[in-house]
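Student: Structure file protein-v3.cif, mmCIF, C-alpha atoms, is pasted below:
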```cif
data_entry
loop_
_atom_site.label_atom_id
_atom_site.label_comp_id
_atom_site.auth_asym_id
_atom_site.auth_seq_id
_atom_site.Cartn_x
_atom_site.Cartn_y
_atom_site.Cartn_z
CA MET A 1 0.00 0.00 0.00
CA LYS A 2 2.78 2.40 0.86
CA THR A 3 4.51 1.61 -2.42
CA ARG A 4 1.31 2.39 -4.47
CA TYR A 5 0.90 5.70 -2.68
CA LEU A 6 4.45 6.71 -3.51
CA ILE A 7 3.93 5.83 -7.20
CA LEU A 8 0.65 7.91 -7.42
CA THR A 9 2.31 10.85 -5.69
CA GLY A 10 5.26 10.72 -8.02
CA THR A 11 2.98 10.67 -11.08
CA LEU A 12 1.09 13.76 -9.94
CA LEU A 13 4.32 15.62 -9.26
CA ALA A 14 5.54 14.75 -12.72
CA LEU A 15 2.35 16.10 -14.31
CA CYS A 16 2.64 19.32 -12.40
CA ALA A 17 6.21 19.71 -13.47
CA THR A 18 5.54 19.12 -17.20
CA GLY A 19 2.14 21.12 -17.47
CA CYS A 20 -1.46 19.78 -17.86
CA LYS A 21 -3.16 19.58 -21.34
CA VAL A 22 -7.02 19.77 -21.22
CA ASP A 23 -9.20 18.12 -23.91
CA PRO A 24 -10.72 20.95 -26.13
CA LEU A 25 -14.08 19.25 -25.80
CA TYR A 26 -14.15 20.28 -22.14
CA ASP A 27 -12.57 23.73 -22.57
CA LEU A 28 -15.24 26.17 -21.29
CA SER A 29 -13.31 29.19 -22.61
CA ASN A 30 -14.55 28.28 -26.13
CA LEU A 31 -18.25 28.25 -25.17
CA ASP A 32 -20.50 30.16 -27.67
CA THR A 33 -22.01 33.11 -25.80
CA GLU A 34 -24.86 33.62 -28.32
CA ILE A 35 -27.98 31.49 -28.27
CA THR A 36 -31.14 31.40 -30.41
CA LEU A 37 -34.54 31.70 -28.75
CA LEU A 38 -38.17 31.82 -29.85
CA LYS A 39 -37.54 30.34 -33.29
CA GLY A 40 -40.88 30.31 -35.12
CA ALA A 41 -42.63 32.20 -32.30
CA THR A 42 -45.76 34.16 -33.21
CA PHE A 43 -47.40 37.24 -31.67
CA PRO A 44 -51.01 38.30 -32.40
CA VAL A 45 -51.64 41.69 -34.02
CA PRO A 46 -55.00 43.53 -33.62
CA SER A 47 -57.04 43.67 -36.82
CA PRO A 48 -57.53 47.22 -38.18
CA PRO A 49 -61.07 48.33 -39.02
CA PRO A 50 -62.33 47.50 -42.52
CA ILE A 51 -61.88 50.13 -45.22
CA SER A 52 -64.91 50.81 -47.40
CA LEU A 53 -64.93 52.40 -50.82
CA ALA A 54 -66.71 55.40 -49.29
CA ASP A 55 -63.77 55.80 -46.85
CA ILE A 56 -61.24 55.66 -49.68
CA LEU A 57 -62.98 58.06 -52.05
CA ASN A 58 -64.82 60.32 -49.56
CA LEU A 59 -68.28 59.67 -50.99
CA ASP A 60 -70.35 60.77 -48.00
CA GLY A 61 -71.60 64.23 -47.13
CA PHE A 62 -72.46 65.45 -50.64
CA PRO A 63 -76.19 66.03 -51.31
CA TYR A 64 -75.96 64.96 -54.95
CA ILE A 65 -74.28 61.59 -54.19
CA VAL A 66 -76.90 59.07 -53.07
CA VAL A 67 -77.16 55.30 -52.60
CA ASP A 68 -79.90 53.33 -54.33
CA GLU A 69 -81.72 50.22 -53.07
CA ASN A 70 -78.90 47.99 -54.37
CA GLY A 71 -76.22 49.93 -52.50
CA ASP A 72 -74.89 51.55 -55.70
CA TYR A 73 -73.62 55.13 -55.55
CA LEU A 74 -75.31 57.62 -57.90
CA ILE A 75 -74.95 61.24 -58.85
CA SER A 76 -78.54 62.43 -58.56
CA PHE A 77 -80.06 65.89 -58.47
CA ASP A 78 -83.10 67.84 -59.65
CA LEU A 79 -83.19 71.35 -61.00
CA ASP A 80 -85.90 73.64 -59.70
CA PRO A 81 -89.01 73.60 -61.93
CA VAL A 82 -89.14 76.36 -64.53
CA GLU A 83 -92.59 77.90 -64.91
CA MET A 84 -93.22 80.29 -67.78
CA SER A 85 -96.20 82.26 -69.09
CA VAL A 86 -96.04 82.16 -72.89
CA MET A 87 -97.91 84.79 -74.91
CA ILE A 88 -98.38 84.10 -78.60
CA PRO A 89 -97.40 87.26 -80.48
CA PRO A 90 -99.31 88.47 -83.54
CA GLU A 91 -96.28 87.73 -85.69
CA VAL A 92 -93.77 84.95 -85.07
CA SER A 93 -90.34 85.45 -86.60
CA GLY A 94 -88.83 82.21 -87.88
CA GLY A 95 -91.44 80.24 -86.02
CA GLN A 96 -89.85 81.01 -82.60
CA ILE A 97 -92.22 81.81 -79.77
CA PRO A 98 -90.68 84.13 -77.13
CA THR A 99 -90.78 82.63 -73.64
CA GLY A 100 -88.67 84.95 -71.48
CA TYR A 101 -86.75 81.91 -70.18
CA GLU A 102 -84.10 82.61 -67.54
CA PRO A 103 -81.21 80.10 -67.32
CA GLU A 104 -81.69 77.50 -64.59
CA THR A 105 -78.53 76.45 -62.68
CA TYR A 106 -77.68 73.65 -60.26
CA SER A 107 -74.66 74.40 -58.02
CA PHE A 108 -72.79 71.40 -56.65
CA GLY A 109 -71.29 73.20 -53.65
CA GLY A 110 -68.20 71.06 -53.23
CA VAL A 111 -66.82 68.08 -55.11
CA PRO A 112 -64.90 64.99 -53.88
CA ASP A 113 -61.28 65.00 -55.01
CA PHE A 114 -61.69 61.83 -57.04
CA LEU A 115 -64.51 63.41 -59.09
CA SER A 116 -62.65 66.63 -59.80
CA SER A 117 -59.75 67.29 -62.13
CA ASP A 118 -57.69 68.69 -59.23
CA GLY A 119 -55.37 65.92 -58.13
CA GLN A 120 -57.76 63.36 -59.62
CA HIS A 121 -56.63 59.79 -59.02
CA VAL A 122 -59.79 58.02 -60.16
CA GLU A 123 -61.57 58.56 -63.44
CA PRO A 124 -65.13 57.33 -62.87
CA ASP A 125 -67.24 56.21 -65.80
CA LEU A 126 -70.45 58.26 -66.02
CA SER A 127 -71.57 56.94 -69.41
CA GLU A 128 -74.86 55.66 -67.90
CA MET A 129 -75.94 59.20 -67.13
CA LYS A 130 -79.60 59.98 -67.90
CA LEU A 131 -81.02 63.47 -68.17
CA GLY A 132 -84.78 63.57 -67.72
CA LEU A 133 -86.82 66.41 -69.21
CA SER A 134 -90.51 66.71 -68.39
CA ILE A 135 -92.47 69.45 -70.19
CA ASP A 136 -96.05 70.28 -69.26
CA SER A 137 -97.61 72.43 -71.98
CA GLY A 138 -100.85 74.39 -71.77
CA ILE A 139 -100.53 75.43 -75.43
CA PRO A 140 -103.19 73.63 -77.51
CA ALA A 141 -100.82 72.91 -80.38
CA ASP A 142 -97.68 70.95 -81.22
CA PHE A 143 -94.37 72.74 -81.04
CA THR A 144 -90.69 71.84 -80.68
CA VAL A 145 -88.15 72.69 -78.01
CA SER A 146 -84.40 73.11 -78.29
CA SER A 147 -82.25 73.31 -75.18
CA ARG A 148 -78.59 74.00 -74.49
CA LEU A 149 -76.92 72.15 -71.60
CA GLU A 150 -73.70 73.59 -70.19
CA THR A 151 -71.31 72.94 -67.32
CA PHE A 152 -68.83 75.34 -65.74
CA ARG A 153 -65.68 75.02 -63.65
CA ASN A 154 -64.00 77.99 -62.01
CA GLY A 155 -66.23 80.31 -64.01
CA SER A 156 -65.20 78.83 -67.38
CA LEU A 157 -67.30 76.78 -69.78
CA GLN A 158 -66.43 73.08 -69.53
CA TRP A 159 -68.95 71.31 -71.80
CA SER A 160 -71.83 72.44 -73.98
CA TYR A 161 -74.50 70.33 -75.70
CA LEU A 162 -77.36 71.46 -77.93
CA VAL A 163 -80.42 69.23 -77.86
CA GLU A 164 -82.73 70.12 -80.74
CA ASN A 165 -86.28 69.55 -81.97
CA LEU A 166 -87.97 67.82 -79.06
CA LEU A 167 -91.63 67.50 -80.03
CA VAL A 168 -93.97 68.84 -77.34
CA PRO A 169 -97.72 68.41 -77.82
CA TYR A 170 -100.44 69.71 -75.52
CA GLY A 171 -100.21 68.15 -72.05
CA ASN A 172 -97.27 66.38 -70.43
CA THR A 173 -94.32 64.96 -72.37
CA ASP A 174 -91.33 63.12 -70.90
CA TYR A 175 -87.91 62.66 -72.50
CA VAL A 176 -84.87 60.74 -71.32
CA LEU A 177 -81.52 61.76 -72.84
CA SER A 178 -78.63 59.29 -72.62
CA GLU A 179 -75.65 57.88 -74.45
CA HIS A 180 -77.36 54.50 -74.73
CA PRO A 181 -81.11 54.93 -75.37
CA ASP A 182 -83.27 51.89 -74.66
CA GLY A 183 -85.70 52.42 -77.53
CA THR A 184 -88.70 53.35 -75.40
CA PRO A 185 -90.84 56.38 -76.38
CA GLY A 186 -89.09 59.60 -75.39
CA SER A 187 -85.64 57.96 -75.27
CA ILE A 188 -83.11 60.09 -77.17
CA GLU A 189 -79.44 59.43 -77.88
CA VAL A 190 -76.95 62.15 -76.94
CA PRO A 191 -73.37 60.98 -77.65
CA GLU A 192 -70.86 61.50 -74.82
CA LEU A 193 -73.50 62.93 -72.53
CA GLY A 194 -71.60 61.61 -69.48
CA ASN A 195 -68.82 64.09 -70.22
CA LEU A 196 -71.07 66.80 -68.82
CA LEU A 197 -70.21 65.63 -65.32
CA SER A 198 -66.67 64.32 -65.86
CA PRO A 199 -65.03 65.88 -64.03
CA VAL A 200 -67.93 67.02 -61.88
CA PRO A 201 -68.35 70.77 -62.50
CA ASP A 202 -69.13 73.61 -60.14
CA GLU A 203 -72.38 74.32 -61.99
CA PHE A 204 -74.77 72.52 -64.33
CA ARG A 205 -76.94 74.86 -66.36
CA ILE A 206 -79.83 74.72 -68.82
CA SER A 207 -78.81 77.93 -70.49
CA ALA A 208 -81.46 78.05 -73.22
CA LEU A 209 -84.99 76.76 -73.78
CA ASP A 210 -86.30 77.81 -77.17
CA VAL A 211 -89.82 77.09 -78.44
CA TYR A 212 -90.71 76.83 -82.13
CA ALA A 213 -93.97 76.21 -83.96
CA THR A 214 -94.99 75.86 -87.62
CA ASP A 215 -97.60 78.10 -89.23
CA ASP A 216 -100.26 75.41 -89.23
CA GLN A 217 -99.83 74.86 -85.49
CA LEU A 218 -99.77 78.59 -84.76
CA ALA A 219 -103.13 78.79 -86.47
CA LEU A 220 -104.55 76.66 -83.64
CA VAL A 221 -103.80 79.30 -80.98
CA LYS A 222 -104.99 82.86 -80.60
CA ALA A 223 -102.49 85.68 -80.75
CA GLY A 224 -102.28 87.62 -77.49
CA ASP A 225 -103.45 84.71 -75.33
CA VAL A 226 -101.19 83.55 -72.49
CA TYR A 227 -100.43 79.87 -71.91
CA ASP A 228 -98.58 78.11 -69.12
CA LEU A 229 -95.43 76.09 -69.77
CA THR A 230 -93.55 74.16 -67.06
CA CYS A 231 -90.22 72.37 -67.52
CA ARG A 232 -88.59 70.00 -65.04
CA ALA A 233 -85.13 68.46 -65.36
CA SER A 234 -83.34 65.75 -63.39
CA VAL A 235 -79.97 64.03 -63.65
CA ARG A 236 -79.19 60.46 -62.60
CA SER A 237 -75.85 58.74 -63.20
CA PRO A 238 -74.44 55.57 -61.63
CA ILE A 239 -70.77 56.02 -60.72
CA SER A 240 -68.90 53.18 -62.40
CA PHE A 241 -65.30 52.00 -62.40
CA SER A 242 -63.12 52.55 -65.43
CA GLU A 243 -59.80 51.17 -66.56
CA ASN A 244 -58.03 54.33 -65.41
CA SER A 245 -58.22 53.91 -61.64
CA HIS A 246 -55.10 54.64 -59.61
CA PHE A 247 -55.16 55.33 -55.89
CA LYS A 248 -53.60 54.18 -52.62
CA VAL A 249 -55.11 53.29 -49.28
CA SER A 250 -53.19 52.85 -46.01
CA ALA A 251 -53.99 50.68 -43.01
CA PRO A 252 -52.02 51.41 -39.79
CA LEU A 253 -51.29 48.25 -37.81
CA GLU A 254 -50.62 48.10 -34.07
CA ALA A 255 -47.72 45.68 -34.49
CA ALA A 256 -44.64 46.51 -32.39
CA LEU A 257 -41.26 44.79 -31.97
CA ASN A 258 -39.08 46.42 -29.33
CA LEU A 259 -37.05 43.60 -27.82
CA ASP A 260 -34.02 45.22 -26.18
CA GLN A 261 -30.55 43.68 -26.44
CA VAL A 262 -31.45 41.05 -29.01
CA GLY A 263 -30.20 40.47 -32.53
CA LEU A 264 -33.47 40.18 -34.44
CA LYS A 265 -32.95 40.43 -38.20
CA LYS A 266 -36.14 39.10 -39.72
CA ALA A 267 -39.87 39.07 -39.02
CA ALA A 268 -42.91 38.12 -41.07
CA LEU A 269 -46.40 39.59 -40.92
CA HIS A 270 -49.16 37.11 -41.69
CA LEU A 271 -52.71 38.21 -42.51
CA ASP A 272 -55.76 37.50 -44.66
CA VAL A 273 -57.08 40.31 -46.88
CA GLU A 274 -60.66 40.14 -48.12
CA ASN A 275 -61.14 42.48 -51.08
CA THR A 276 -64.65 42.92 -52.46
CA ILE A 277 -63.66 46.04 -54.42
CA PRO A 278 -63.42 45.01 -58.10
CA LEU A 279 -59.86 46.30 -58.45
CA ASP A 280 -56.55 44.52 -58.03
CA PHE A 281 -54.21 45.95 -55.38
CA THR A 282 -50.45 45.67 -54.98
CA VAL A 283 -49.17 45.52 -51.41
CA ASP A 284 -46.39 47.39 -49.61
CA LEU A 285 -45.35 47.43 -45.95
CA TYR A 286 -43.16 49.76 -43.93
CA PRO A 287 -42.41 50.32 -40.21
CA LEU A 288 -42.60 53.44 -38.07
CA ASP A 289 -40.64 54.43 -34.98
CA GLY A 290 -42.12 55.80 -31.77
CA ASP A 291 -42.32 59.32 -33.26
CA GLY A 292 -44.23 58.15 -36.31
CA ASN A 293 -41.25 58.40 -38.66
CA ARG A 294 -40.61 55.82 -41.34
CA ILE A 295 -37.64 53.54 -40.63
CA ASP A 296 -35.80 53.25 -43.94
CA SER A 297 -33.19 50.83 -42.60
CA ILE A 298 -35.90 48.17 -42.31
CA GLN A 299 -36.93 46.83 -45.70
CA PHE A 300 -40.00 45.02 -46.94
CA PHE A 301 -38.88 42.30 -49.31
CA ASP A 302 -40.59 39.58 -51.29
CA SER A 303 -39.77 37.95 -54.57
CA GLY A 304 -42.09 39.40 -57.20
CA THR A 305 -45.09 41.66 -56.66
CA VAL A 306 -47.44 40.90 -53.78
CA SER A 307 -51.00 41.47 -54.96
CA VAL A 308 -54.57 41.17 -53.72
CA PRO A 309 -56.99 40.47 -56.60
CA GLY A 310 -60.45 42.01 -56.65
CA GLY A 311 -63.27 39.83 -55.38
CA SER A 312 -61.05 37.48 -53.39
CA THR A 313 -59.69 36.63 -49.95
CA THR A 314 -55.91 36.37 -50.09
CA PRO A 315 -53.55 35.05 -47.39
CA LEU A 316 -50.34 37.08 -47.24
CA CYS A 317 -46.93 36.58 -45.65
CA LEU A 318 -45.00 39.87 -45.74
CA ASN A 319 -41.33 39.80 -44.75
CA LEU A 320 -39.29 42.52 -43.06
CA THR A 321 -35.52 42.45 -42.69
CA THR A 322 -32.63 44.72 -41.69
CA SER A 323 -28.86 44.71 -41.43
CA GLY A 324 -29.17 46.18 -37.93
CA ASP A 325 -31.61 45.22 -35.19
CA LEU A 326 -35.26 44.88 -36.17
CA ARG A 327 -37.20 47.20 -33.87
CA PHE A 328 -40.30 49.24 -34.70
CA LYS A 329 -43.32 50.77 -32.99
CA SER A 330 -45.96 50.07 -35.66
CA LEU A 331 -46.45 49.00 -39.25
CA VAL A 332 -48.29 50.61 -42.15
CA LEU A 333 -49.80 48.44 -44.85
CA THR A 334 -50.44 50.23 -48.16
CA LEU A 335 -52.60 48.95 -51.01
CA ALA A 336 -52.28 50.54 -54.44
CA ALA A 337 -55.12 50.03 -56.92
CA SER A 338 -54.07 49.37 -60.48
CA SER A 339 -55.85 49.69 -63.80
CA LYS A 340 -57.96 46.74 -64.75
CA PRO A 341 -59.75 46.14 -68.06
CA ALA A 342 -63.33 44.92 -68.43
CA LEU A 343 -64.74 47.10 -65.64
CA ALA A 344 -67.41 48.80 -67.76
CA GLY A 345 -70.73 48.91 -65.95
CA VAL A 346 -69.36 47.83 -62.55
CA HIS A 347 -70.79 50.37 -60.13
CA PHE A 348 -69.32 51.83 -56.96
CA ASN A 349 -71.20 50.06 -54.19
CA ARG A 350 -71.53 50.60 -50.45
CA SER A 351 -70.74 46.92 -49.73
CA GLN A 352 -67.36 47.06 -51.47
CA VAL A 353 -64.76 46.88 -48.72
CA ILE A 354 -61.29 45.66 -47.71
CA ARG A 355 -61.16 43.59 -44.50
CA PHE A 356 -58.14 42.34 -42.59
CA SER A 357 -58.13 39.28 -40.36
CA ASN A 358 -55.90 36.64 -38.70
CA LEU A 359 -52.96 39.01 -38.21
CA TYR A 360 -49.83 37.88 -36.39
CA LEU A 361 -46.08 38.49 -36.40
CA GLU A 362 -43.76 35.52 -36.79
CA LEU A 363 -40.06 35.25 -35.92
CA PRO A 364 -39.05 32.56 -38.44
CA ASP A 365 -35.36 32.53 -37.44
CA GLY A 366 -35.92 33.36 -33.78
CA ILE A 367 -33.79 35.90 -31.91
CA GLN A 368 -30.11 35.75 -31.08
CA VAL A 369 -29.26 36.62 -27.46
CA LYS A 370 -25.65 37.39 -26.37
CA LEU A 371 -24.67 36.15 -22.91
CA GLU A 372 -21.44 38.14 -22.60
CA ASP A 373 -22.98 40.82 -20.40
CA SER A 374 -24.99 39.43 -17.52
CA GLU A 375 -26.83 42.74 -17.15
CA LYS A 376 -28.21 42.31 -20.68
#
```
Could you render the structure from this file as structure tokens?
Tutor:
Amino acid sequence: MKTRYLILTGTLLALCATGCKVDPLYDLSNLDTEITLLKGATFPVPSPPPISLADILNLDGFPYIVVDENGDYLISFDLDPVEMSVMIPPEVSGGQIPTGYEPETYSFGGVPDFLSSDGQHVEPDLSEMKLGLSIDSGIPADFTVSSRLETFRNGSLQWSYLVENLLVPYGNTDYVLSEHPDGTPGSIEVPELGNLLSPVPDEFRISALDVYATDDQLALVKAGDVYDLTCRASVRSPISFSENSHFKVSAPLEAALNLDQVGLKKAALHLDVENTIPLDFTVDLYPLDGDGNRIDSIQFFDSGTVSVPGGSTTPLCLNLTTSGDLRFKSLVLTLAASSKPALAGVHFNRSQVIRFSNLYLELPDGIQVKLEDSEK
């Protein structure tokens, strides 16, 4: 026993004298001080309120923009009735009967930006416009009416149309002027009539109402007698989409990443977008700091264009990355409408909306935490 003890002691002394080599596998000085946590973790994001077409284009609050029983938006207004007392003179020059008509004007009193030419980003189609004329004649003869329709912007003439030779017998007669007459009695074609309101003017005016009669019809009335004549006019036009529609809509998202002392480089925003507006949208995403400033060092990236087609629900995964640390206070999602063919006759409708659901942030690569500083 004493001999074994002496041998063990001698071996230890020899090791101490020559130096001790430790296996690298057990060398704690080479331990990696960075670890990955929360790989694939997700965090819910509150859904923003839906965005309706009326929100985007500011359709509410204008007396001449109404919604019909189908939810379609219309430009609709009536001019005040024009009542005239017509005296048949002893002699009629050129068959024209003097009426003393004073121009009748409808003032719009404010126009949404998208309907005006000032900064216009949507060109609505108003080709379904219909102008109704109702003439109630107390003259016991047939005569014809010619009328001039004019619109004005900033005091200058914008459009002018002359509608000629509308036959008006005794009693009430109704006419409907449009670009696409339906063939019913009183339906009259007026090419490009929708241009009267595109862009929507400051004023719409019936600037002339001239009455004519032939000699044989004048023989049916007595010179010097006074007859009543009343004219009513109304305008109705569905607001339709056209190919030339370009506008953007933004949706602020309460999605924040502010994890101190971590090396987060990548995050992904997941969401479903329901789009019942009949336009295709391209998608962009950018972050804001606590002061509401855009953070340009954080980039939205995806291969190809991210789009949301009209009339669909589209799941999206939008990626954010940075060369620094990924921290932001909120996100802003922008949707840009693009031109789309074959939209003729598709009306603006109250039910058309963009909804967001199932939002969450994902950390696909997790976060890298450094252990070098215990205080961190």
Student: Could you tell me how far atom CA of Met84 of chain A sits from atom CA of Thr99 of chain A, in Å to one decimal place?
Tutor: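 Answer for the atom CA of Thr99 of chain A to atom CA of Met84 of chain A separation: 6.8 Å.
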Student: Pick from A:Pro49, A:Gly324, A:Pro238, A:Pro103: nearest to Ile206 of chain A, with all atoms listed in the file counted?
Tutor: A:Pro103
Student: Name the residues that the PyMOL selection byres ((chain A and resi 255) around 6) pulls out of this structure, and write them as a PyMOL selection string.
Tutor: chain A and resi 45+253-254+256+330-331
Student: Would you list the contacts of Ile277 of chain A as a PyMOL selection string, taking every protein, DNA or RNA residue within 7 Å and counting only C-alpha atoms, but skipping same-chain residues closer than 5 positions in sequence?
Tutor: chain A and resi 310-311+352-353
Student: Could you jot down the atom CA of Val168 of chain A to atom CA of Asp142 of chain A separation for me, Å, one decimal place?
Tutor: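 Taking atom CA of Val168 of chain A as the start and atom CA of Asp142 of chain A as the end point, the length is 5.8 Å.
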Student: Taking the point (-72.1, 72.7, -76.5) as given in the file, collect each protein or nucleic acid residue that comes within 8 Å of it, counting only C-alpha atoms, and present the set as a ChimeraX atom specification.
Tutor: /A:148-150,159-162
Student: For Ile354 of chain A, work out the shell of residues within 9 Å, counting all atoms listed in the file and skipping chain neighbours fewer than 4 positions away, then give it as a ChimeraX atom specification.
Tutor: /A:50-53,273-277
Student: Evaluated on this file, the PyMOL selection byres ((chain A and resi 283) around 6) picks out some residues - which ones are they, written as a list in words?
Tutor: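 Matching residues under the PyMOL selection byres ((chain A and resi 283) around 6) are Thr282, Asp284, Val306, Ser307, Thr334 and Leu335 of chain A.
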